[in-house]
Amino acid sequence: KLELIKQEISSFELLLALNPKVKHELKSKIFHEYAVLEHTSFQSAFDMASVYFGALNKVIEWCLDEPFFEGYNQLGRMVYKYIESQFSNMILQKLHFFIKETGTNMCEISPIFLNLSFVDIPSFSEGLQRDFVMSTREMIVFERNLNNAIPIFQKMITSKNCDTKSDYLLSTLQELSRSQDADADVLVGLLILCICRANPKNVYGELLYLQNFMNDTSKVTFGSNAYAISTFEVAVKYLVSSENNSYLIARSVRNKEFWNVLQNGKYEDFVRYIDSQTVSDVDEILLGRHFAGKSCFSLMVENKSDGHRMFSHIIIDSQKLKAIDINRLLDDQSSNNETLLLKSVKLRNDHFTKVLIEVLLSACTDHEIEAYVNAKECDTNR
């Protein structure tokens, strides 16, 4: 669809090239309306949209009355796409500053939010509090969906066409829920993570643009696109709340520090941190996954000096923790389907490999061990 819109704009530009006089008059009118919109102060996004569509209709009516354009099918559509492509960046910038002026100062997503994990998002953390723990397999599926959805969402941000933006947003949600059932709460949580990892510059402005500047208003009021926009609204409003923002920043900082200890820190630093936390807090952070598709145990594997000691320390407390379950260890895979055992062997972390094998031998059946040891990187199921 994006390519079709680009073709329509290119076709219109080629058409204008045939008549320099009409091209000059049209561009003058567009420039005038652009300047009016750019330099007018608005009380709301709705007011801005009203002026925008008024300007749009003036230009379209002029084109329809111009003899040069007589007989061209879909002229109004072509003019609309042509004007929208030129106005969209300016409108988004005005929405950005307009939002800041009205007190919504969290238009931009902090880069530190990259360090958020599933368990930091309400739909997942609330389940943890109710003793419902998402399985590692489910997390890995959602993680893969999330990685596939991020580039689609980024295309939505860079698109200059409102209809295309809404289609990309819908595709993002479809990708997030692909191959795994996701109810509305989980879908919002995944979209929050997707937004944080895509790190858009003006996420609230994107929402207002979709809600107020859509030429096809049916996409905002009903249907799958409307559902996508309403889901986007819930996610964005959660992120721009000052209270939630502070909470997410604290979680992001905590995760970054803890993950760094696991990858590069000393055993003593790890113990000091673990002993300062409640059992539920330790459980929560161990259940989280690094943005690169690694579990906390996978990060320990990368720490050749002290990772095995950290792992042993956690295993001793395993009866208290939901995060330590033999099935979680067996199902644990990185983004390339690498098991903990395969990774520790590849990295030649012999100490970790020895501890992990001892745990497996004490807790698994012969069949489980055989299936696990024979797992290959291309396997998605053990």
# chains A, B, ... in the order shown; residues from 1 in each chain; ligands from 1
$ residues_around --residues "Asn73 (chain A)" --least-positions-apart "5" --cutoff "12 Å" --atoms "only C-alpha atoms" --output "list in words"
Glu8, Phe12, Leu64, Met78 and Val79 of chain A
$ write_last_selection --atoms "C-alpha atoms" --output "mmCIF file, in the first residue's frame"
data_model
loop_
_atom_site.group_PDB
_atom_site.id
_atom_site.type_symbol
_atom_site.label_atom_id
_atom_site.label_comp_id
_atom_site.auth_asym_id
_atom_site.auth_seq_id
_atom_site.Cartn_x
_atom_site.Cartn_y
_atom_site.Cartn_z
ATOM 1 C CA GLU A 8 0.282 8.033 -6.899
ATOM 2 C CA PHE A 12 0.783 13.495 -9.795
ATOM 3 C CA LEU A 64 -11.253 20.214 -9.599
ATOM 4 C CA MET A 78 -4.046 12.121 -5.629
ATOM 5 C CA VAL A 79 -4.105 15.743 -4.437
#
$ residues_around --residues "Arg137 (chain A)" --least-positions-apart "6" --cutoff "9 Å" --atoms "only C-alpha atoms" --output "list in words"
Arg328, Asp331, Asp332, Gln333 and Asn381 of chain A
$ write_last_selection --atoms "all heavy atoms" --output "short mmCIF file (atom, residue, chain, number, x, y, z; two decimals), in the first residue's frame"
data_model
loop_
_atom_site.label_atom_id
_atom_site.label_comp_id
_atom_site.auth_asym_id
_atom_site.auth_seq_id
_atom_site.Cartn_x
_atom_site.Cartn_y
_atom_site.Cartn_z
N ARG A 328 11.90 -24.51 33.32
CA ARG A 328 12.39 -23.20 32.87
C ARG A 328 13.83 -23.32 32.39
O ARG A 328 14.22 -22.69 31.40
CB ARG A 328 12.28 -22.16 33.98
CG ARG A 328 10.85 -21.74 34.25
CD ARG A 328 10.76 -20.50 35.11
NE ARG A 328 9.37 -20.04 35.14
CZ ARG A 328 8.81 -19.28 34.23
NH1 ARG A 328 9.53 -18.85 33.21
NH2 ARG A 328 7.55 -18.94 34.31
N ASP A 331 13.75 -25.26 29.03
CA ASP A 331 13.14 -24.49 27.93
C ASP A 331 13.91 -23.21 27.60
O ASP A 331 13.65 -22.58 26.57
CB ASP A 331 11.70 -24.11 28.29
CG ASP A 331 10.77 -25.30 28.28
OD1 ASP A 331 11.09 -26.30 27.60
OD2 ASP A 331 9.73 -25.25 28.95
N ASP A 332 14.84 -22.84 28.46
CA ASP A 332 15.56 -21.57 28.28
C ASP A 332 16.37 -21.59 26.99
O ASP A 332 17.25 -22.44 26.80
CB ASP A 332 16.49 -21.34 29.48
CG ASP A 332 16.93 -19.89 29.58
OD1 ASP A 332 17.12 -19.25 28.52
OD2 ASP A 332 17.09 -19.39 30.70
N GLN A 333 16.08 -20.63 26.12
CA GLN A 333 16.80 -20.49 24.86
C GLN A 333 17.07 -19.02 24.58
O GLN A 333 16.30 -18.16 25.00
CB GLN A 333 16.00 -21.08 23.69
CG GLN A 333 15.77 -22.56 23.76
CD GLN A 333 14.94 -23.07 22.57
OE1 GLN A 333 14.34 -22.28 21.86
NE2 GLN A 333 14.93 -24.37 22.38
N ASN A 381 11.69 -26.71 19.76
CA ASN A 381 11.14 -27.51 20.85
C ASN A 381 12.16 -28.56 21.25
O ASN A 381 12.85 -29.13 20.43
CB ASN A 381 9.85 -28.22 20.42
CG ASN A 381 8.72 -27.25 20.17
OD1 ASN A 381 8.33 -26.53 21.09
ND2 ASN A 381 8.21 -27.20 18.96
#
$ atom_distance --atom1 "CA of Pro67 (chain A)" --atom2 "CA of Glu13 (chain A)"
17.1 Å
$ atom_distance --atom1 "CA of His367 (chain A)" --atom2 "CA of Leu329 (chain A)"
15.5 Å
$ atom_distance --atom1 "CA of His308 (chain A)" --atom2 "CA of Glu358 (chain A)"
11.8 Å
$ residues_around --residues "Ser335 (chain A)" --least-positions-apart "4" --cutoff "12 Å" --atoms "only C-alpha atoms" --output "compact mmCIF listing (two decimals) with all heavy atoms, in the first residue's frame"
# COMPACT_ATOMS: atom_id res chain seq x y z
N ARG A 137 8.63 -20.85 27.55
CA ARG A 137 8.27 -21.04 26.14
C ARG A 137 7.38 -19.90 25.65
O ARG A 137 7.57 -19.38 24.54
CB ARG A 137 7.56 -22.38 25.94
CG ARG A 137 8.49 -23.58 26.02
CD ARG A 137 7.78 -24.82 25.53
NE ARG A 137 8.63 -25.99 25.63
CZ ARG A 137 8.31 -27.17 25.12
NH1 ARG A 137 7.18 -27.32 24.47
NH2 ARG A 137 9.13 -28.21 25.25
N MET A 139 7.16 -16.88 26.89
CA MET A 139 7.97 -15.66 26.85
C MET A 139 8.82 -15.61 25.59
O MET A 139 8.94 -14.56 24.94
CB MET A 139 8.87 -15.57 28.08
CG MET A 139 8.19 -15.10 29.35
SD MET A 139 9.40 -14.73 30.63
CE MET A 139 8.33 -14.23 31.98
N ILE A 140 9.42 -16.74 25.22
CA ILE A 140 10.29 -16.78 24.05
C ILE A 140 9.49 -16.54 22.78
O ILE A 140 9.94 -15.82 21.87
CB ILE A 140 11.05 -18.12 23.99
CG1 ILE A 140 12.08 -18.17 25.12
CG2 ILE A 140 11.74 -18.30 22.64
CD1 ILE A 140 12.78 -19.51 25.28
N VAL A 141 8.28 -17.11 22.71
CA VAL A 141 7.43 -16.87 21.54
C VAL A 141 7.08 -15.39 21.44
O VAL A 141 7.19 -14.78 20.37
CB VAL A 141 6.15 -17.73 21.61
CG1 VAL A 141 5.15 -17.30 20.53
CG2 VAL A 141 6.48 -19.20 21.44
N PHE A 142 6.64 -14.79 22.55
CA PHE A 142 6.31 -13.37 22.55
C PHE A 142 7.54 -12.52 22.22
O PHE A 142 7.44 -11.48 21.56
CB PHE A 142 5.75 -12.95 23.91
CG PHE A 142 4.30 -13.32 24.10
CD1 PHE A 142 3.86 -13.89 25.29
CD2 PHE A 142 3.36 -13.09 23.11
CE1 PHE A 142 2.53 -14.22 25.47
CE2 PHE A 142 2.03 -13.42 23.28
CZ PHE A 142 1.61 -13.99 24.46
N GLU A 143 8.69 -12.96 22.70
CA GLU A 143 9.94 -12.24 22.44
C GLU A 143 10.25 -12.21 20.95
O GLU A 143 10.64 -11.18 20.39
CB GLU A 143 11.06 -12.95 23.20
CG GLU A 143 12.34 -12.18 23.34
CD GLU A 143 13.28 -12.90 24.30
OE1 GLU A 143 13.79 -13.97 23.92
OE2 GLU A 143 13.47 -12.41 25.42
N ARG A 144 10.07 -13.34 20.29
CA ARG A 144 10.30 -13.41 18.84
C ARG A 144 9.28 -12.55 18.10
O ARG A 144 9.62 -11.87 17.12
CB ARG A 144 10.25 -14.86 18.38
CG ARG A 144 11.46 -15.67 18.84
CD ARG A 144 11.33 -17.13 18.52
NE ARG A 144 12.49 -17.86 19.02
CZ ARG A 144 12.47 -19.11 19.44
NH1 ARG A 144 11.34 -19.79 19.44
NH2 ARG A 144 13.57 -19.70 19.88
N ASN A 145 8.03 -12.63 18.54
CA ASN A 145 7.00 -11.78 17.92
C ASN A 145 7.36 -10.31 18.08
O ASN A 145 7.21 -9.51 17.14
CB ASN A 145 5.64 -12.04 18.56
CG ASN A 145 5.10 -13.43 18.26
OD1 ASN A 145 5.64 -14.15 17.42
ND2 ASN A 145 4.04 -13.82 18.95
N LEU A 146 7.84 -9.97 19.26
CA LEU A 146 8.22 -8.58 19.56
C LEU A 146 9.34 -8.11 18.64
O LEU A 146 9.29 -7.02 18.08
CB LEU A 146 8.64 -8.48 21.03
CG LEU A 146 9.06 -7.11 21.56
CD1 LEU A 146 7.92 -6.11 21.45
CD2 LEU A 146 9.50 -7.23 23.02
N ASN A 147 10.36 -8.95 18.46
CA ASN A 147 11.48 -8.59 17.59
C ASN A 147 11.04 -8.40 16.15
O ASN A 147 11.60 -7.56 15.42
CB ASN A 147 12.57 -9.65 17.68
CG ASN A 147 13.28 -9.65 19.02
OD1 ASN A 147 13.30 -8.63 19.71
ND2 ASN A 147 13.84 -10.78 19.41
N ASN A 148 10.04 -9.18 15.71
CA ASN A 148 9.53 -9.04 14.34
C ASN A 148 8.63 -7.82 14.20
O ASN A 148 8.52 -7.24 13.11
CB ASN A 148 8.75 -10.29 13.94
CG ASN A 148 9.63 -11.52 13.79
OD1 ASN A 148 10.81 -11.40 13.48
ND2 ASN A 148 9.08 -12.70 14.02
N ARG A 289 13.74 -10.97 31.07
CA ARG A 289 14.67 -11.32 29.99
C ARG A 289 15.29 -10.07 29.39
O ARG A 289 14.61 -9.05 29.21
CB ARG A 289 13.96 -12.14 28.90
CG ARG A 289 13.56 -13.54 29.38
CD ARG A 289 12.83 -14.32 28.29
NE ARG A 289 13.64 -14.62 27.14
CZ ARG A 289 14.45 -15.67 27.03
NH1 ARG A 289 14.55 -16.55 28.03
NH2 ARG A 289 15.15 -15.88 25.92
N HIS A 290 16.57 -10.16 29.11
CA HIS A 290 17.34 -9.08 28.51
C HIS A 290 16.80 -8.75 27.12
O HIS A 290 16.29 -9.63 26.42
CB HIS A 290 18.80 -9.54 28.42
CG HIS A 290 19.77 -8.49 28.00
ND1 HIS A 290 20.08 -8.28 26.67
CD2 HIS A 290 20.53 -7.61 28.71
CE1 HIS A 290 20.99 -7.33 26.59
NE2 HIS A 290 21.28 -6.90 27.80
N PHE A 291 16.92 -7.48 26.69
CA PHE A 291 16.36 -7.07 25.40
C PHE A 291 17.01 -7.79 24.22
O PHE A 291 16.44 -7.83 23.12
CB PHE A 291 16.50 -5.55 25.22
CG PHE A 291 17.91 -5.03 25.29
CD1 PHE A 291 18.74 -5.07 24.19
CD2 PHE A 291 18.40 -4.48 26.47
CE1 PHE A 291 20.04 -4.59 24.24
CE2 PHE A 291 19.70 -4.00 26.54
CZ PHE A 291 20.52 -4.06 25.43
N ALA A 292 18.20 -8.38 24.42
CA ALA A 292 18.86 -9.12 23.35
C ALA A 292 18.40 -10.57 23.28
O ALA A 292 18.99 -11.37 22.56
CB ALA A 292 20.37 -9.06 23.53
N GLY A 293 17.34 -10.90 24.00
CA GLY A 293 16.80 -12.25 23.95
C GLY A 293 17.55 -13.23 24.83
O GLY A 293 17.73 -14.40 24.46
N LYS A 294 17.98 -12.77 25.98
CA LYS A 294 18.74 -13.64 26.90
C LYS A 294 18.08 -13.64 28.27
O LYS A 294 17.66 -12.59 28.76
CB LYS A 294 20.18 -13.12 27.04
CG LYS A 294 20.95 -13.00 25.74
CD LYS A 294 22.28 -12.29 25.97
CE LYS A 294 23.03 -12.06 24.67
NZ LYS A 294 24.31 -11.34 24.88
N SER A 295 18.02 -14.81 28.87
CA SER A 295 17.52 -14.89 30.24
C SER A 295 18.65 -14.48 31.19
O SER A 295 19.81 -14.33 30.79
CB SER A 295 17.09 -16.32 30.56
OG SER A 295 18.22 -17.17 30.61
N SER A 298 21.26 -17.09 31.07
CA SER A 298 22.08 -16.97 29.87
C SER A 298 23.16 -15.91 30.06
O SER A 298 24.29 -16.06 29.58
CB SER A 298 21.20 -16.62 28.67
OG SER A 298 21.95 -16.56 27.47
N THR A 339 20.36 -23.38 23.67
CA THR A 339 20.07 -23.74 25.06
C THR A 339 21.20 -23.27 25.97
O THR A 339 22.29 -22.93 25.50
CB THR A 339 19.91 -25.26 25.21
OG1 THR A 339 21.17 -25.89 24.91
CG2 THR A 339 18.84 -25.80 24.27
N LEU A 340 20.94 -23.30 27.28
CA LEU A 340 21.98 -22.91 28.24
C LEU A 340 23.19 -23.83 28.12
O LEU A 340 24.34 -23.37 28.18
CB LEU A 340 21.42 -22.96 29.66
CG LEU A 340 20.37 -21.92 30.04
CD1 LEU A 340 19.85 -22.19 31.45
CD2 LEU A 340 20.93 -20.50 29.95
N LYS A 343 25.15 -23.13 24.90
CA LYS A 343 25.85 -21.86 24.99
C LYS A 343 27.08 -21.97 25.89
O LYS A 343 28.16 -21.46 25.55
CB LYS A 343 24.91 -20.78 25.53
CG LYS A 343 25.55 -19.40 25.62
CD LYS A 343 24.54 -18.32 25.97
CE LYS A 343 25.17 -16.94 25.99
NZ LYS A 343 24.18 -15.87 26.21
N GLU A 377 20.58 -25.97 17.56
CA GLU A 377 20.24 -24.55 17.51
C GLU A 377 18.99 -24.29 16.69
O GLU A 377 18.26 -23.35 16.93
CB GLU A 377 21.40 -23.75 16.91
CG GLU A 377 22.55 -23.57 17.88
CD GLU A 377 23.65 -22.71 17.31
OE1 GLU A 377 23.43 -21.50 17.18
OE2 GLU A 377 24.70 -23.25 16.96
N CYS A 378 18.74 -25.15 15.69
CA CYS A 378 17.57 -24.93 14.84
C CYS A 378 16.29 -25.44 15.48
O CYS A 378 15.19 -25.18 14.99
CB CYS A 378 17.76 -25.62 13.48
SG CYS A 378 18.03 -27.39 13.59
N ASP A 379 16.42 -26.19 16.59
CA ASP A 379 15.22 -26.72 17.24
C ASP A 379 14.48 -25.61 17.96
O ASP A 379 15.10 -24.78 18.63
CB ASP A 379 15.59 -27.81 18.26
CG ASP A 379 16.15 -29.05 17.60
OD1 ASP A 379 15.87 -29.22 16.39
OD2 ASP A 379 16.85 -29.82 18.28
N THR A 380 13.16 -25.63 17.84
CA THR A 380 12.35 -24.68 18.62
C THR A 380 11.64 -25.40 19.77
O THR A 380 11.04 -24.78 20.61
CB THR A 380 11.29 -24.01 17.73
OG1 THR A 380 10.53 -25.00 17.06
CG2 THR A 380 11.97 -23.11 16.70
$ select_by_dssp --residues "region 158-204 of chain A" --states "helix (DSSP H, G or I)" --output "ChimeraX atom specification"
/A:158,162-176,184-198,203-204
$ write_last_selection --atoms "N, CA, C and O atoms" --output "CSV table (one decimal), in the first residue's frame"
chain,number,residue,atom,x,y,z
A,158,THR,N,7.9,6.4,10.5
A,158,THR,CA,8.5,7.1,9.4
A,158,THR,C,7.5,7.4,8.2
A,158,THR,O,7.8,8.2,7.4
A,162,CYS,N,-1.3,9.0,6.8
A,162,CYS,CA,-2.1,8.5,8.0
A,162,CYS,C,-2.7,7.1,7.8
A,162,CYS,O,-2.7,6.3,8.7
A,163,ASP,N,-3.3,6.9,6.7
A,163,ASP,CA,-3.9,5.6,6.4
A,163,ASP,C,-2.8,4.5,6.5
A,163,ASP,O,-3.1,3.4,7.1
A,164,THR,N,-1.7,4.7,5.9
A,164,THR,CA,-0.6,3.8,6.0
A,164,THR,C,-0.1,3.6,7.4
A,164,THR,O,0.2,2.4,7.8
A,165,LYS,N,0.0,4.6,8.1
A,165,LYS,CA,0.4,4.5,9.5
A,165,LYS,C,-0.5,3.6,10.3
A,165,LYS,O,-0.1,2.7,11.1
A,166,SER,N,-1.8,3.7,10.1
A,166,SER,CA,-2.8,2.9,10.8
A,166,SER,C,-2.7,1.4,10.4
A,166,SER,O,-2.8,0.5,11.2
A,167,ASP,N,-2.4,1.2,9.1
A,167,ASP,CA,-2.2,-0.2,8.6
A,167,ASP,C,-0.9,-0.8,9.2
A,167,ASP,O,-0.9,-2.0,9.6
A,168,TYR,N,0.2,0.0,9.3
A,168,TYR,CA,1.4,-0.5,9.9
A,168,TYR,C,1.1,-0.8,11.4
A,168,TYR,O,1.7,-1.8,11.9
A,169,LEU,N,0.4,0.0,12.1
A,169,LEU,CA,0.1,-0.2,13.5
A,169,LEU,C,-0.7,-1.5,13.6
A,169,LEU,O,-0.4,-2.3,14.5
A,170,LEU,N,-1.7,-1.7,12.8
A,170,LEU,CA,-2.5,-3.0,12.8
A,170,LEU,C,-1.6,-4.2,12.6
A,170,LEU,O,-1.7,-5.2,13.3
A,171,SER,N,-0.7,-4.1,11.6
A,171,SER,CA,0.3,-5.1,11.3
A,171,SER,C,1.2,-5.4,12.5
A,171,SER,O,1.6,-6.6,12.8
A,172,THR,N,1.6,-4.3,13.2
A,172,THR,CA,2.4,-4.5,14.4
A,172,THR,C,1.7,-5.4,15.5
A,172,THR,O,2.2,-6.3,16.0
A,173,LEU,N,0.4,-5.1,15.7
A,173,LEU,CA,-0.4,-5.8,16.7
A,173,LEU,C,-0.6,-7.3,16.2
A,173,LEU,O,-0.5,-8.2,17.0
A,174,GLN,N,-0.8,-7.5,14.9
A,174,GLN,CA,-1.0,-8.8,14.4
A,174,GLN,C,0.3,-9.6,14.6
A,174,GLN,O,0.3,-10.8,14.9
A,175,GLU,N,1.5,-9.0,14.4
A,175,GLU,CA,2.7,-9.7,14.6
A,175,GLU,C,3.0,-10.0,16.0
A,175,GLU,O,3.5,-11.1,16.4
A,176,LEU,N,2.6,-9.1,16.9
A,176,LEU,CA,2.8,-9.3,18.4
A,176,LEU,C,2.0,-10.5,18.9
A,176,LEU,O,2.5,-11.2,19.8
A,184,ALA,N,-6.3,-8.9,25.5
A,184,ALA,CA,-6.2,-7.5,25.3
A,184,ALA,C,-5.1,-6.9,26.3
A,184,ALA,O,-4.3,-6.1,25.9
A,185,ASP,N,-5.1,-7.4,27.5
A,185,ASP,CA,-4.1,-6.9,28.5
A,185,ASP,C,-2.7,-7.2,28.1
A,185,ASP,O,-1.7,-6.4,28.1
A,186,VAL,N,-2.5,-8.5,27.6
A,186,VAL,CA,-1.1,-8.9,27.2
A,186,VAL,C,-0.7,-8.2,26.0
A,186,VAL,O,0.4,-7.8,25.8
A,187,LEU,N,-1.7,-8.0,25.1
A,187,LEU,CA,-1.3,-7.3,23.8
A,187,LEU,C,-0.9,-5.8,24.1
A,187,LEU,O,0.1,-5.3,23.5
A,188,VAL,N,-1.6,-5.2,25.0
A,188,VAL,CA,-1.2,-3.8,25.4
A,188,VAL,C,0.2,-3.8,26.0
A,188,VAL,O,1.1,-3.0,25.7
A,189,GLY,N,0.5,-4.8,26.9
A,189,GLY,CA,1.8,-5.0,27.5
A,189,GLY,C,2.9,-5.1,26.4
A,189,GLY,O,4.0,-4.5,26.5
A,190,LEU,N,2.7,-6.0,25.4
A,190,LEU,CA,3.6,-6.2,24.4
A,190,LEU,C,3.8,-5.0,23.5
A,190,LEU,O,5.0,-4.7,23.1
A,191,LEU,N,2.7,-4.2,23.3
A,191,LEU,CA,2.9,-3.0,22.5
A,191,LEU,C,3.7,-1.9,23.3
A,191,LEU,O,4.5,-1.2,22.7
A,192,ILE,N,3.5,-1.9,24.6
A,192,ILE,CA,4.3,-1.0,25.4
A,192,ILE,C,5.8,-1.3,25.3
A,192,ILE,O,6.6,-0.4,25.1
A,193,LEU,N,6.1,-2.6,25.3
A,193,LEU,CA,7.5,-3.0,25.2
A,193,LEU,C,8.0,-2.7,23.7
A,193,LEU,O,9.2,-2.2,23.5
A,194,CYS,N,7.1,-2.9,22.8
A,194,CYS,CA,7.5,-2.6,21.4
A,194,CYS,C,7.8,-1.1,21.2
A,194,CYS,O,8.8,-0.7,20.6
A,195,ILE,N,7.0,-0.2,21.8
A,195,ILE,CA,7.2,1.2,21.7
A,195,ILE,C,8.5,1.6,22.4
A,195,ILE,O,9.3,2.4,21.8
A,196,CYS,N,8.8,1.0,23.5
A,196,CYS,CA,10.0,1.3,24.3
A,196,CYS,C,11.2,0.9,23.5
A,196,CYS,O,12.2,1.7,23.5
A,197,ARG,N,11.2,-0.2,22.9
A,197,ARG,CA,12.4,-0.7,22.2
A,197,ARG,C,12.5,0.0,20.8
A,197,ARG,O,13.6,0.0,20.3
A,198,ALA,N,11.4,0.4,20.2
A,198,ALA,CA,11.5,1.2,18.9
A,198,ALA,C,12.0,2.6,19.2
A,198,ALA,O,12.6,3.2,18.3
A,203,VAL,N,5.9,9.9,20.3
A,203,VAL,CA,4.9,8.9,20.3
A,203,VAL,C,3.5,9.4,20.6
A,203,VAL,O,2.5,8.9,20.0
A,204,TYR,N,3.4,10.4,21.4
A,204,TYR,CA,2.0,11.0,21.7
A,204,TYR,C,1.5,11.7,20.5
A,204,TYR,O,0.3,11.7,20.2
$ select_by_dssp --residues "region 135-307 of chain A" --states "strand (DSSP E or B)" --output "ChimeraX atom specification"
/A:289-290,294-295
$ closest_residue --among "A:Leu341, A:Ala375, A:Met48, A:Val119" --to "Leu286 (chain A)" --atoms "only C-alpha atoms"
A:Val119
$ closest_atom_pairs --of "region 313-365 of chain A" --to "region 299-305 of chain A" --cutoff "8 Å" --atoms "only C-alpha atoms" --output "JSON lines"
{"residue": "A:Leu340", "atom": "CA", "partner": "A:Val301", "partner_atom": "CA", "distance": 7.4}
{"residue": "A:Lys343", "atom": "CA", "partner": "A:Val301", "partner_atom": "CA", "distance": 7.3}
{"residue": "A:Ser344", "atom": "CA", "partner": "A:Val301", "partner_atom": "CA", "distance": 5.8}
{"residue": "A:Leu347", "atom": "CA", "partner": "A:Glu302", "partner_atom": "CA", "distance": 7.4}
{"residue": "A:Asn349", "atom": "CA", "partner": "A:Lys304", "partner_atom": "CA", "distance": 5.6}
{"residue": "A:His351", "atom": "CA", "partner": "A:Lys304", "partner_atom": "CA", "distance": 7.8}
{"residue": "A:Phe352", "atom": "CA", "partner": "A:Val301", "partner_atom": "CA", "distance": 6.5}
$ write_last_selection --atoms "N, CA, C and O atoms" --output "compact mmCIF listing (two decimals), in the first residue's frame"
# COMPACT_ATOMS: atom_id res chain seq x y z
N LEU A 340 20.94 -23.30 27.28
CA LEU A 340 21.98 -22.91 28.24
C LEU A 340 23.19 -23.83 28.12
O LEU A 340 24.34 -23.37 28.18
N LYS A 343 25.15 -23.13 24.90
CA LYS A 343 25.85 -21.86 24.99
C LYS A 343 27.08 -21.97 25.89
O LYS A 343 28.16 -21.46 25.55
N SER A 344 26.94 -22.65 27.02
CA SER A 344 28.07 -22.77 27.94
C SER A 344 29.20 -23.60 27.33
O SER A 344 30.38 -23.31 27.56
N LEU A 347 30.93 -21.35 24.65
CA LEU A 347 31.76 -20.32 25.27
C LEU A 347 32.89 -20.91 26.11
O LEU A 347 33.69 -20.18 26.69
N ASN A 349 32.68 -22.29 28.95
CA ASN A 349 32.53 -21.98 30.36
C ASN A 349 32.34 -23.31 31.10
O ASN A 349 31.23 -23.72 31.43
N HIS A 351 33.05 -24.39 34.04
CA HIS A 351 32.51 -24.37 35.41
C HIS A 351 30.98 -24.33 35.38
O HIS A 351 30.31 -25.07 36.11
N PHE A 352 30.43 -23.48 34.53
CA PHE A 352 28.97 -23.39 34.43
C PHE A 352 28.40 -24.68 33.87
O PHE A 352 27.37 -25.18 34.35
$ residues_around --residues "Tyr52 (chain A)" --least-positions-apart "2" --cutoff "12 Å" --atoms "only C-alpha atoms" --output "VMD selection string"
chain A and resid 30 33 to 38 40 42 45 to 50 54 to 59 80 83 to 84 87 to 88 90 to 91 209 212 to 215
$ closest_residue --among "A:Ala17, A:Ile157, A:Ile121, A:Ile369" --to "Leu239 (chain A)" --atoms "only C-alpha atoms"
A:Ile121
$ decode --residues "region 183-222 of chain A" --atoms "C-alpha atoms" --output "JSON list (two decimals), in the first residue's frame"
[["chain", "number", "residue", "atom", "x", "y", "z"],
["A", 183, "ASP", "CA", -5.66, -11.26, 25.35],
["A", 184, "ALA", "CA", -6.16, -7.49, 25.34],
["A", 185, "ASP", "CA", -4.07, -6.88, 28.48],
["A", 186, "VAL", "CA", -1.14, -8.94, 27.22],
["A", 187, "LEU", "CA", -1.34, -7.25, 23.82],
["A", 188, "VAL", "CA", -1.16, -3.81, 25.43],
["A", 189, "GLY", "CA", 1.84, -4.95, 27.47],
["A", 190, "LEU", "CA", 3.62, -6.22, 24.36],
["A", 191, "LEU", "CA", 2.86, -2.98, 22.52],
["A", 192, "ILE", "CA", 4.30, -0.98, 25.43],
["A", 193, "LEU", "CA", 7.53, -2.99, 25.15],
["A", 194, "CYS", "CA", 7.49, -2.58, 21.37],
["A", 195, "ILE", "CA", 7.19, 1.21, 21.70],
["A", 196, "CYS", "CA", 9.98, 1.33, 24.29],
["A", 197, "ARG", "CA", 12.37, -0.70, 22.15],
["A", 198, "ALA", "CA", 11.51, 1.15, 18.93],
["A", 199, "ASN", "CA", 12.21, 4.42, 20.81],
["A", 200, "PRO", "CA", 10.09, 6.83, 18.70],
["A", 201, "LYS", "CA", 10.73, 10.56, 19.09],
["A", 202, "ASN", "CA", 7.13, 11.73, 19.35],
["A", 203, "VAL", "CA", 4.89, 8.85, 20.33],
["A", 204, "TYR", "CA", 2.02, 10.95, 21.71],
["A", 205, "GLY", "CA", 2.07, 13.10, 18.59],
["A", 206, "GLU", "CA", 1.76, 9.93, 16.48],
["A", 207, "LEU", "CA", -1.33, 8.97, 18.47],
["A", 208, "LEU", "CA", -2.97, 12.38, 18.04],
["A", 209, "TYR", "CA", -2.12, 12.35, 14.35],
["A", 210, "LEU", "CA", -3.86, 9.00, 13.88],
["A", 211, "GLN", "CA", -6.89, 10.07, 15.92],
["A", 212, "ASN", "CA", -7.44, 13.48, 14.30],
["A", 213, "PHE", "CA", -5.87, 13.58, 10.82],
["A", 214, "MET", "CA", -7.25, 10.42, 9.23],
["A", 215, "ASN", "CA", -9.07, 11.19, 5.99],
["A", 216, "ASP", "CA", -10.99, 7.91, 6.22],
["A", 217, "THR", "CA", -12.65, 8.47, 9.61],
["A", 218, "SER", "CA", -14.15, 4.96, 9.60],
["A", 219, "LYS", "CA", -10.66, 3.65, 10.43],
["A", 220, "VAL", "CA", -10.79, 5.55, 13.71],
["A", 221, "THR", "CA", -14.35, 4.65, 14.69],
["A", 222, "PHE", "CA", -14.76, 0.94, 13.95]]
